[in-house]
>>> print(open('run-v1.cif').read())   # mmCIF, C-alpha atoms and all ligand atoms
data_run
#
loop_
_atom_site.label_atom_id
_atom_site.label_comp_id
_atom_site.auth_asym_id
_atom_site.auth_seq_id
_atom_site.Cartn_x
_atom_site.Cartn_y
_atom_site.Cartn_z
CA MET A 29 -42.80 -8.16 -131.89
CA GLN A 30 -39.81 -6.53 -130.18
CA ASP A 31 -41.31 -7.03 -126.72
CA THR A 32 -42.78 -10.50 -127.20
CA VAL A 33 -42.46 -12.69 -124.10
CA ILE A 34 -40.76 -15.94 -125.08
CA LEU A 35 -40.25 -19.02 -122.95
CA GLY A 36 -37.11 -20.97 -123.91
CA ILE A 37 -36.71 -24.68 -123.15
CA GLU A 38 -33.45 -26.66 -123.41
CA THR A 39 -33.23 -30.43 -122.82
CA SER A 40 -30.67 -31.63 -125.39
CA CYS A 41 -28.25 -33.32 -122.97
CA ASP A 42 -27.99 -33.30 -119.18
CA GLU A 43 -29.16 -29.80 -118.28
CA THR A 44 -32.88 -29.19 -117.83
CA ALA A 45 -33.30 -25.47 -118.44
CA ALA A 46 -35.93 -22.80 -118.95
CA ALA A 47 -35.64 -19.05 -119.56
CA LEU A 48 -38.07 -16.21 -119.94
CA PHE A 49 -37.28 -13.34 -122.31
CA ARG A 50 -38.97 -10.09 -123.21
CA GLY A 51 -37.67 -9.23 -126.67
CA PRO A 52 -33.87 -9.70 -126.60
CA GLU A 53 -33.68 -9.20 -122.82
CA MET A 54 -33.60 -11.98 -120.30
CA ILE A 55 -36.13 -11.75 -117.49
CA HIS A 56 -35.08 -14.91 -115.66
CA HIS A 57 -33.53 -18.32 -116.28
CA ILE A 58 -33.00 -21.58 -114.43
CA THR A 59 -30.60 -24.41 -115.32
CA ALA A 60 -30.93 -27.66 -113.37
CA THR A 61 -27.85 -29.83 -113.85
CA GLN A 62 -28.69 -33.51 -113.59
CA LEU A 63 -26.51 -35.05 -110.91
CA VAL A 64 -27.58 -38.64 -111.59
CA HIS A 65 -24.80 -39.07 -114.20
CA THR A 66 -21.86 -38.18 -111.93
CA SER A 67 -21.33 -41.68 -110.58
CA TYR A 68 -21.35 -43.13 -114.13
CA GLY A 69 -18.57 -40.83 -115.37
CA GLY A 70 -20.67 -39.62 -118.31
CA VAL A 71 -24.21 -38.92 -119.45
CA VAL A 72 -26.49 -42.00 -119.47
CA PRO A 73 -29.08 -41.16 -122.17
CA GLU A 74 -31.94 -43.15 -120.65
CA TYR A 75 -31.49 -41.47 -117.27
CA ALA A 76 -31.19 -38.07 -118.93
CA SER A 77 -34.66 -38.36 -120.52
CA ARG A 78 -36.21 -39.56 -117.26
CA GLU A 79 -34.67 -36.66 -115.36
CA HIS A 80 -35.85 -34.15 -117.95
CA ASN A 81 -39.33 -35.58 -117.60
CA LYS A 82 -39.17 -35.14 -113.84
CA LEU A 83 -37.47 -31.73 -113.73
CA LEU A 84 -38.88 -29.81 -116.69
CA GLY A 85 -42.30 -29.03 -115.16
CA PRO A 86 -40.84 -27.62 -111.91
CA VAL A 87 -38.10 -25.72 -113.80
CA VAL A 88 -40.63 -24.03 -116.12
CA ARG A 89 -42.99 -23.24 -113.22
CA GLY A 90 -40.01 -21.95 -111.22
CA VAL A 91 -38.82 -19.58 -113.92
CA ILE A 92 -42.31 -18.14 -114.38
CA GLU A 93 -42.98 -17.76 -110.66
CA GLN A 94 -39.59 -16.20 -109.95
CA ALA A 95 -40.20 -13.70 -112.76
CA ASP A 96 -43.49 -12.85 -111.03
CA MET A 97 -45.40 -13.74 -114.16
CA SER A 98 -47.95 -16.35 -115.14
CA LEU A 99 -48.13 -18.87 -117.95
CA SER A 100 -50.74 -16.74 -119.72
CA ASP A 101 -48.11 -13.97 -120.13
CA VAL A 102 -46.04 -16.22 -122.41
CA GLU A 103 -46.49 -15.33 -126.09
CA GLY A 104 -44.17 -17.82 -127.78
CA ILE A 105 -42.21 -21.01 -127.00
CA ALA A 106 -38.67 -21.63 -128.24
CA VAL A 107 -37.34 -25.15 -127.81
CA THR A 108 -34.16 -27.00 -128.78
CA GLN A 109 -34.94 -29.19 -131.79
CA GLY A 110 -31.40 -30.64 -132.08
CA PRO A 111 -28.65 -31.67 -132.02
CA GLY A 112 -28.70 -33.75 -128.86
CA LEU A 113 -29.84 -37.02 -127.34
CA ALA A 114 -33.01 -38.22 -129.08
CA GLY A 115 -34.96 -39.10 -125.94
CA SER A 116 -33.94 -35.92 -124.14
CA LEU A 117 -34.87 -33.69 -127.09
CA LEU A 118 -38.25 -35.42 -127.30
CA VAL A 119 -39.09 -34.60 -123.68
CA GLY A 120 -38.51 -30.87 -124.23
CA LEU A 121 -40.13 -30.79 -127.66
CA SER A 122 -43.27 -32.65 -126.54
CA TYR A 123 -43.60 -30.40 -123.50
CA ALA A 124 -43.16 -27.28 -125.66
CA LYS A 125 -45.72 -28.49 -128.20
CA GLY A 126 -48.21 -29.17 -125.41
CA LEU A 127 -47.76 -25.63 -124.06
CA ALA A 128 -47.96 -24.04 -127.52
CA LEU A 129 -51.16 -25.96 -128.27
CA GLY A 130 -52.71 -25.31 -124.85
CA LEU A 131 -51.89 -21.60 -124.84
CA ASP A 132 -52.48 -21.20 -128.59
CA ILE A 133 -49.13 -19.47 -129.14
CA PRO A 134 -46.35 -19.96 -131.73
CA LEU A 135 -43.64 -22.62 -131.44
CA TYR A 136 -40.04 -22.04 -132.57
CA GLY A 137 -37.72 -25.04 -133.06
CA ILE A 138 -34.17 -23.89 -132.36
CA ASN A 139 -30.80 -25.25 -133.45
CA HIS A 140 -28.78 -25.67 -130.24
CA ILE A 141 -25.55 -24.74 -132.09
CA GLU A 142 -26.98 -21.40 -133.22
CA GLY A 143 -28.00 -20.88 -129.61
CA HIS A 144 -24.38 -21.32 -128.48
CA ILE A 145 -23.03 -18.97 -131.15
CA PHE A 146 -25.49 -16.15 -130.56
CA ALA A 147 -25.45 -16.51 -126.75
CA ASN A 148 -22.67 -13.94 -127.02
CA PHE A 149 -25.19 -11.26 -127.95
CA ILE A 150 -28.03 -11.92 -125.49
CA GLY A 151 -29.68 -8.59 -124.72
CA GLN A 152 -28.71 -7.06 -128.07
CA GLU A 153 -31.04 -6.16 -130.92
CA THR A 154 -28.33 -6.27 -133.56
CA LEU A 155 -25.61 -8.81 -134.31
CA PRO A 156 -22.03 -7.70 -135.11
CA THR A 157 -21.78 -9.91 -138.20
CA PRO A 158 -19.78 -11.02 -140.10
CA PHE A 159 -17.40 -12.76 -137.69
CA LEU A 160 -15.24 -15.84 -137.24
CA CYS A 161 -16.60 -18.23 -134.61
CA LEU A 162 -14.66 -20.86 -132.71
CA LEU A 163 -17.36 -23.30 -131.61
CA VAL A 164 -16.00 -25.62 -128.92
CA SER A 165 -18.34 -27.93 -127.03
CA GLY A 166 -18.70 -31.57 -126.02
CA GLY A 167 -19.70 -32.55 -129.57
CA HIS A 168 -18.25 -29.81 -131.77
CA THR A 169 -14.94 -28.17 -132.59
CA GLN A 170 -15.44 -25.99 -135.62
CA LEU A 171 -14.24 -22.72 -137.08
CA ILE A 172 -17.17 -21.05 -138.79
CA HIS A 173 -17.45 -17.93 -140.90
CA VAL A 174 -20.76 -16.41 -139.79
CA GLU A 175 -22.03 -14.02 -142.45
CA ASN A 176 -25.34 -13.53 -140.61
CA ALA A 177 -27.76 -15.57 -138.48
CA ARG A 178 -28.61 -17.84 -141.44
CA ASP A 179 -25.50 -17.93 -143.53
CA TYR A 180 -22.53 -20.00 -142.35
CA THR A 181 -19.37 -21.36 -143.96
CA LEU A 182 -17.33 -24.13 -142.37
CA ILE A 183 -13.66 -23.16 -142.28
CA GLY A 184 -12.23 -26.05 -140.27
CA GLN A 185 -13.23 -28.76 -137.84
CA THR A 186 -11.91 -31.59 -135.73
CA ARG A 187 -10.98 -34.74 -137.58
CA ASP A 188 -11.68 -36.88 -134.52
CA ASP A 189 -12.60 -35.88 -130.94
CA ALA A 190 -14.21 -32.57 -130.02
CA ALA A 191 -12.24 -30.37 -127.62
CA GLY A 192 -14.77 -30.88 -124.79
CA GLU A 193 -14.69 -34.62 -125.41
CA ALA A 194 -10.88 -34.53 -125.08
CA PHE A 195 -11.18 -32.74 -121.73
CA ASP A 196 -13.73 -35.31 -120.54
CA LYS A 197 -11.74 -38.33 -121.75
CA VAL A 198 -8.43 -37.12 -120.31
CA ALA A 199 -10.11 -36.31 -116.99
CA ARG A 200 -11.32 -39.90 -116.92
CA LEU A 201 -7.80 -41.20 -117.75
CA LEU A 202 -6.37 -39.11 -114.93
CA GLY A 203 -9.11 -40.23 -112.55
CA ILE A 204 -10.17 -36.62 -111.99
CA GLY A 205 -13.86 -37.33 -112.46
CA TYR A 206 -16.80 -35.97 -114.37
CA PRO A 207 -17.54 -33.48 -115.86
CA GLY A 208 -13.93 -33.31 -116.98
CA GLY A 209 -13.65 -29.83 -118.52
CA PRO A 210 -14.47 -27.72 -115.46
CA LEU A 211 -12.46 -30.06 -113.16
CA ILE A 212 -9.32 -29.92 -115.32
CA ASP A 213 -9.71 -26.14 -115.59
CA LYS A 214 -9.91 -25.82 -111.80
CA MET A 215 -7.10 -28.25 -111.08
CA SER A 216 -4.81 -26.64 -113.68
CA LYS A 217 -4.81 -23.40 -111.70
CA GLN A 218 -2.62 -25.20 -109.14
CA GLY A 219 -0.37 -26.76 -111.80
CA ASN A 220 2.58 -25.84 -113.99
CA SER A 221 1.51 -25.81 -117.64
CA ARG A 222 5.16 -26.20 -118.74
CA PHE A 223 5.70 -29.35 -116.69
CA HIS A 224 5.43 -31.60 -119.75
CA HIS A 225 5.18 -30.64 -123.42
CA PHE A 226 2.45 -32.67 -125.10
CA PRO A 227 2.60 -32.54 -128.93
CA ARG A 228 0.28 -30.11 -130.75
CA SER A 229 -1.43 -31.36 -133.90
CA SER A 230 -1.54 -29.30 -137.07
CA PHE A 231 -2.44 -29.90 -140.69
CA GLU A 232 -0.61 -28.14 -143.48
CA GLY A 233 -2.88 -25.79 -145.43
CA SER A 234 -5.93 -26.54 -143.31
CA TYR A 235 -7.74 -25.09 -140.30
CA ASP A 236 -8.70 -28.53 -138.99
CA PHE A 237 -8.05 -29.83 -135.49
CA SER A 238 -7.26 -33.22 -133.96
CA PHE A 239 -7.35 -34.19 -130.30
CA SER A 240 -7.34 -37.98 -130.21
CA GLY A 241 -3.53 -38.16 -130.60
CA LEU A 242 -3.14 -35.82 -127.65
CA LYS A 243 -5.37 -38.06 -125.55
CA THR A 244 -3.21 -41.07 -126.53
CA ASN A 245 -0.11 -39.07 -125.63
CA VAL A 246 -1.45 -38.37 -122.16
CA LEU A 247 -2.26 -42.07 -121.77
CA GLN A 248 1.24 -43.12 -122.89
CA TYR A 249 2.83 -40.53 -120.64
CA ILE A 250 0.99 -41.58 -117.48
CA SER A 251 1.40 -45.28 -118.18
CA LYS A 252 5.19 -44.75 -117.95
CA GLN A 253 5.00 -43.09 -114.51
CA ASP A 254 4.37 -44.65 -111.13
CA SER A 255 1.19 -43.83 -109.26
CA GLU A 256 2.93 -41.70 -106.59
CA PHE A 257 4.42 -39.45 -109.29
CA ILE A 258 1.06 -39.06 -111.00
CA LYS A 259 -0.66 -38.28 -107.72
CA LEU A 260 1.95 -35.68 -106.86
CA HIS A 261 1.92 -34.05 -110.29
CA LEU A 262 -1.74 -34.39 -111.25
CA PRO A 263 -2.28 -30.60 -111.45
CA ASP A 264 0.90 -30.23 -113.55
CA ILE A 265 -0.18 -32.94 -115.99
CA ALA A 266 -3.70 -31.48 -116.18
CA ALA A 267 -2.30 -27.98 -116.80
CA SER A 268 0.14 -29.27 -119.45
CA PHE A 269 -2.67 -31.05 -121.28
CA GLN A 270 -4.95 -28.01 -121.06
CA GLU A 271 -2.18 -25.79 -122.41
CA ALA A 272 -1.80 -28.07 -125.45
CA VAL A 273 -5.55 -27.88 -126.20
CA VAL A 274 -5.64 -24.12 -125.69
CA ASP A 275 -2.56 -23.65 -127.90
CA VAL A 276 -4.08 -25.58 -130.78
CA LEU A 277 -7.50 -23.89 -130.50
CA SER A 278 -6.14 -20.38 -130.18
CA MET A 279 -3.41 -20.65 -132.83
CA GLN A 280 -5.74 -22.14 -135.47
CA THR A 281 -8.33 -19.47 -134.73
CA MET A 282 -5.84 -16.63 -135.02
CA LYS A 283 -4.39 -18.12 -138.21
CA ALA A 284 -7.86 -18.33 -139.79
CA ALA A 285 -8.73 -14.79 -138.63
CA ARG A 286 -5.53 -13.45 -140.17
CA ASP A 287 -5.75 -15.39 -143.45
CA LEU A 288 -9.44 -14.65 -144.00
CA GLY A 289 -9.25 -11.04 -142.84
CA HIS A 290 -11.64 -11.28 -139.90
CA ASP A 291 -11.57 -8.47 -137.33
CA ARG A 292 -14.15 -10.04 -135.05
CA ILE A 293 -13.71 -13.38 -133.29
CA VAL A 294 -16.47 -15.07 -131.30
CA LEU A 295 -16.02 -17.96 -128.86
CA ALA A 296 -18.95 -20.28 -128.27
CA GLY A 297 -19.85 -23.56 -126.53
CA GLY A 298 -19.04 -25.23 -123.22
CA VAL A 299 -15.26 -25.10 -123.66
CA ALA A 300 -15.53 -21.30 -124.06
CA ALA A 301 -15.91 -21.39 -120.26
CA ASN A 302 -12.28 -22.54 -119.96
CA SER A 303 -10.39 -19.87 -118.05
CA ARG A 304 -7.05 -20.48 -119.79
CA LEU A 305 -8.63 -20.39 -123.27
CA ARG A 306 -10.37 -17.12 -122.40
CA GLU A 307 -7.17 -15.61 -121.02
CA ARG A 308 -5.09 -16.69 -124.04
CA MET A 309 -7.66 -15.44 -126.54
CA VAL A 310 -7.76 -12.03 -124.83
CA GLU A 311 -3.95 -11.80 -125.05
CA LEU A 312 -3.88 -12.81 -128.73
CA ALA A 313 -6.81 -10.60 -129.69
CA ASN A 314 -5.09 -7.61 -128.09
CA GLU A 315 -1.80 -8.44 -129.73
CA HIS A 316 -3.38 -8.77 -133.19
CA GLU A 317 -5.92 -5.97 -132.71
CA LYS A 318 -8.97 -8.17 -133.11
CA ILE A 319 -12.31 -7.64 -131.40
CA LEU A 320 -13.05 -10.66 -129.21
CA TYR A 321 -16.47 -11.76 -127.96
CA GLN A 322 -16.63 -14.38 -125.21
CA PRO A 323 -19.98 -15.49 -123.84
CA ASP A 324 -20.91 -14.56 -120.29
CA MET A 325 -19.94 -17.57 -118.13
CA ARG A 326 -23.64 -18.31 -117.44
CA TYR A 327 -24.23 -18.81 -121.16
CA CYS A 328 -21.19 -20.95 -122.12
CA THR A 329 -22.51 -24.36 -121.17
CA ASP A 330 -26.02 -25.53 -122.02
CA ASN A 331 -28.75 -23.12 -120.96
CA ALA A 332 -32.19 -22.02 -122.11
CA ALA A 333 -31.40 -18.30 -122.33
CA MET A 334 -29.61 -18.88 -125.64
CA ILE A 335 -32.64 -20.82 -126.90
CA ALA A 336 -35.11 -18.09 -125.89
CA TYR A 337 -32.85 -15.47 -127.51
CA MET A 338 -32.84 -17.44 -130.78
CA GLY A 339 -36.63 -17.64 -130.44
CA TYR A 340 -36.67 -13.84 -130.38
CA TRP A 341 -34.65 -13.76 -133.62
CA LYS A 342 -36.69 -16.43 -135.31
CA ALA A 343 -39.95 -14.69 -134.39
CA GLY A 344 -38.68 -11.54 -136.08
CA SER A 345 -37.21 -13.16 -139.19
CA GLN A 346 -38.35 -16.67 -140.09
CA GLY A 347 -41.64 -17.07 -138.26
CA SER A 348 -42.97 -20.02 -136.26
CA ASP A 349 -42.85 -23.77 -136.87
CA PRO A 350 -45.72 -26.25 -137.22
CA LEU A 351 -46.60 -28.40 -134.20
CA ASP A 352 -45.44 -31.56 -135.99
CA ILE A 353 -41.72 -30.65 -136.14
CA ALA A 354 -39.52 -33.59 -135.15
CA ALA A 355 -36.53 -33.79 -132.86
CA VAL A 356 -33.35 -33.97 -134.99
CA PRO A 357 -30.54 -35.59 -132.94
CA ASN A 358 -27.87 -34.87 -135.58
CA LEU A 359 -29.10 -31.43 -136.63
CA LYS A 360 -26.27 -29.41 -138.18
CA LEU A 361 -25.77 -25.81 -139.15
CA SER A 362 -26.59 -25.51 -142.82
CA PHE A 363 -23.31 -24.55 -144.42
CA GLY A 364 -23.42 -22.69 -147.70
CA GLY A 365 -20.45 -20.81 -149.07
O1 LIG B 401 -21.82 -26.77 -124.83
P1 LIG B 401 -21.86 -27.82 -123.80
O2 LIG B 401 -22.43 -27.48 -122.45
O3 LIG B 401 -22.63 -29.07 -124.29
C1 LIG B 401 -22.60 -29.48 -125.61
O4 LIG B 401 -23.43 -28.95 -126.39
O5 LIG B 401 -21.71 -30.32 -125.90
O6 LIG B 401 -20.36 -28.32 -123.63
C2 LIG B 401 -20.03 -29.30 -122.73
C3 LIG B 401 -18.53 -29.53 -122.81
C4 LIG B 401 -18.07 -30.69 -121.95
O7 LIG B 401 -17.22 -31.51 -122.72
C5 LIG B 401 -17.33 -30.01 -120.81
O8 LIG B 401 -16.29 -30.79 -120.27
C6 LIG B 401 -16.80 -28.77 -121.51
O9 LIG B 401 -17.84 -28.36 -122.36
N1 LIG B 401 -16.49 -27.71 -120.53
C7 LIG B 401 -15.24 -27.25 -120.32
C8 LIG B 401 -15.34 -26.29 -119.28
N2 LIG B 401 -16.67 -26.18 -118.92
C9 LIG B 401 -17.35 -27.06 -119.71
N3 LIG B 401 -14.08 -27.58 -120.88
C10 LIG B 401 -12.96 -26.96 -120.44
N4 LIG B 401 -12.99 -26.03 -119.45
C11 LIG B 401 -14.13 -25.67 -118.84
N5 LIG B 401 -14.15 -24.75 -117.87
ZN ZN B 402 -24.33 -27.35 -125.94
#
>>> encode(input="run-v1.cif", output="structure tokens", more="lines below")
Ligand code: KG4
Ligand code: ZN
Amino acid sequence: MQDTVILGIETSCDETAAALFRGPEMIHHITATQLVHTSYGGVVPEYASREHNKLLGPVVRGVIEQADMSLSDVEGIAVTQGPGLAGSLLVGLSYAKGLALGLDIPLYGINHIEGHIFANFIGQETLPTPFLCLLVSGGHTQLIHVENARDYTLIGQTRDDAAGEAFDKVARLLGIGYPGGPLIDKMSKQGNSRFHHFPRSSFEGSYDFSFSGLKTNVLQYISKQDSEFIKLHLPDIAASFQEAVVDVLSMQTMKAARDLGHDRIVLAGGVAANSRLRERMVELANEHEKILYQPDMRYCTDNAAMIAYMGYWKAGSQGSDPLDIAAVPNLKLSFGG
């Protein structure tokens, strides 16, 4: 079981990805980012499914060939079951079912969110639970108490936009382009984060977040300036916005860690790739003597390595799934506690 070769497949949004694992170790992975969406300023679901359909075969073949292996070496298939775009999930799931049936090997339906959380521990046979997780992606902003790989408690969450969504929307407002998060991150390196103080949201007695007011603030701020000023200070405005997001995320996380007595903090999701968030969390973790886990940059945004790794865990704990499992576009973590 420990050395089972698992092929992971991820097609929940606009990355077509495959990864090959032996036990908890990655052998090889490929992530093909769909470029078709760039000119639309966001993911077009219909195009995403078509691209997955076109790219998935070559990506899977590529990962197997580059690992110097053959399809018959694969002993299990792990595939994202949700959450994600319905049509995109279906492409990956149907492909995975076909392979599982053809090769007569087990199928593991994986929750994409669990993939993000545990991507921090790829390569490891044990998980340093319990911990507090800040999950920040395009669709999620949540603080989660993770007791173990099946037992989660929601501590706080966004009341409106997700952090990644805020990055993407503000990038669009500023005319920076798509995808917004990485572009704002890059541009902010040239800017002054103290140029303008955007308000930080907070809720008394709660660990919740809110980012839609901040987005409106950026809109109001730029609508009062002339276009020359905005052009000149674009990096400063981007950096000031980013600082506000990072402040809110990091302060709420540290507050929850302190109040709930967590020593370990885990960052997860696409926004965990943000260089300023990573830097700030390292500073705060050192200051408050917390152990901080940040995913390797390769595993922050959507990838199949995290799916294959969850397949390894599922194979060892819960077992395989039937071939009639459905794609679940709004799949959630099951919160107990
Ligand atoms: O986890 P992910 O790849 O997909 C979802 O499951 O949502 O996250 C994508 C989100 C996007 O909103 C993207 O703008 C954001 O993560 N993102 C970043 C950075 N890299 C990706 N946000 C801020 N800074 C980054 N460096
Ligand atoms: Zn994701």
>>> atom_distance(input="run-v1.cif", atom1="CA of Ser278 in chain A", atom2="CA of Ala177 in chain A")
23.7 Å
>>> residues_near_ligand(input="run-v1.cif", ligand="ligand ZN 402 (chain B)", cutoff="7 Å", atoms="all atoms listed in the file", output="ChimeraX atom specification")
/A:140-141,144,165,297-298,329-330
>>> residues_near_ligand(input="run-v1.cif", ligand="ligand LIG 401 (chain B)", cutoff="7 Å", atoms="all atoms listed in the file", output="list in words")
Ser165, Gly166, Gly167, His168, Gly192, Glu193, Phe195, Asp196, Pro207, Gly208, Gly209, Pro210, Ile212, Asp213, Gly297, Gly298, Val299, Ala300, Ala301, Asn302, Ser303, Cys328, Thr329 and Asp330 of chain A
>>> atom_distance(input="run-v1.cif", atom1="CA of Asp179 in chain A", atom2="CA of Ala354 in chain A")
22.6 Å
>>> atom_distance(input="run-v1.cif", atom1="CA of His290 in chain A", atom2="CA of Thr157 in chain A")
10.4 Å
>>> closest_residue(input="run-v1.cif", among="A:Ala147, A:Leu129, A:Val33, A:Val274", to="Asp352 in chain A", atoms="all atoms listed in the file")
A:Leu129
>>> closest_residue(input="run-v1.cif", among="A:Thr108, A:Ser100, A:Gln62, A:Gln152", to="Gly130 in chain A", atoms="all atoms listed in the file")
A:Ser100
>>> build_atoms(input="run-v1.cif", residues="range 205-227 of chain A", atoms="N, CA and C atoms", output="compact mmCIF listing (two decimals), keeping the file's coordinate frame")
# COMPACT_ATOMS: atom_id res chain seq x y z
N GLY A 205 -12.40 -37.30 -112.63
CA GLY A 205 -13.86 -37.33 -112.46
C GLY A 205 -14.61 -36.67 -113.58
N TYR A 206 -15.90 -36.47 -113.36
CA TYR A 206 -16.80 -35.97 -114.37
C TYR A 206 -17.65 -34.84 -113.78
N PRO A 207 -17.95 -33.77 -114.49
CA PRO A 207 -17.54 -33.48 -115.86
C PRO A 207 -16.10 -32.99 -115.93
N GLY A 208 -15.37 -33.51 -116.92
CA GLY A 208 -13.93 -33.31 -116.98
C GLY A 208 -13.46 -31.88 -117.22
N GLY A 209 -14.12 -31.17 -118.14
CA GLY A 209 -13.65 -29.83 -118.52
C GLY A 209 -13.49 -28.90 -117.32
N PRO A 210 -14.58 -28.66 -116.58
CA PRO A 210 -14.47 -27.72 -115.46
C PRO A 210 -13.48 -28.21 -114.39
N LEU A 211 -13.37 -29.54 -114.19
CA LEU A 211 -12.46 -30.06 -113.16
C LEU A 211 -11.01 -29.88 -113.57
N ILE A 212 -10.70 -30.13 -114.84
CA ILE A 212 -9.32 -29.92 -115.32
C ILE A 212 -8.97 -28.43 -115.25
N ASP A 213 -9.92 -27.60 -115.64
CA ASP A 213 -9.71 -26.14 -115.59
C ASP A 213 -9.34 -25.72 -114.17
N LYS A 214 -10.13 -26.20 -113.21
CA LYS A 214 -9.91 -25.82 -111.80
C LYS A 214 -8.57 -26.35 -111.28
N MET A 215 -8.32 -27.62 -111.57
CA MET A 215 -7.10 -28.25 -111.08
C MET A 215 -5.85 -27.61 -111.70
N SER A 216 -5.96 -27.21 -112.97
CA SER A 216 -4.81 -26.64 -113.68
C SER A 216 -4.32 -25.34 -113.04
N LYS A 217 -5.20 -24.68 -112.33
CA LYS A 217 -4.81 -23.40 -111.70
C LYS A 217 -3.71 -23.63 -110.66
N GLN A 218 -3.66 -24.86 -110.12
CA GLN A 218 -2.62 -25.20 -109.14
C GLN A 218 -1.40 -25.83 -109.80
N GLY A 219 -1.45 -26.01 -111.13
CA GLY A 219 -0.37 -26.76 -111.80
C GLY A 219 0.53 -25.89 -112.65
N ASN A 220 1.61 -26.51 -113.11
CA ASN A 220 2.58 -25.84 -113.99
C ASN A 220 2.33 -26.32 -115.42
N SER A 221 1.89 -25.41 -116.28
CA SER A 221 1.51 -25.81 -117.64
C SER A 221 2.74 -26.17 -118.49
N ARG A 222 3.94 -25.85 -117.98
CA ARG A 222 5.16 -26.20 -118.74
C ARG A 222 5.82 -27.46 -118.21
N PHE A 223 5.13 -28.16 -117.31
CA PHE A 223 5.70 -29.35 -116.69
C PHE A 223 6.06 -30.40 -117.74
N HIS A 224 5.15 -30.63 -118.68
CA HIS A 224 5.43 -31.60 -119.75
C HIS A 224 4.88 -31.04 -121.06
N HIS A 225 5.65 -31.16 -122.13
CA HIS A 225 5.18 -30.64 -123.42
C HIS A 225 4.50 -31.75 -124.21
N PHE A 226 3.17 -31.71 -124.26
CA PHE A 226 2.45 -32.67 -125.10
C PHE A 226 2.42 -32.13 -126.53
N PRO A 227 2.55 -33.02 -127.54
CA PRO A 227 2.60 -32.54 -128.93
C PRO A 227 1.30 -31.84 -129.35
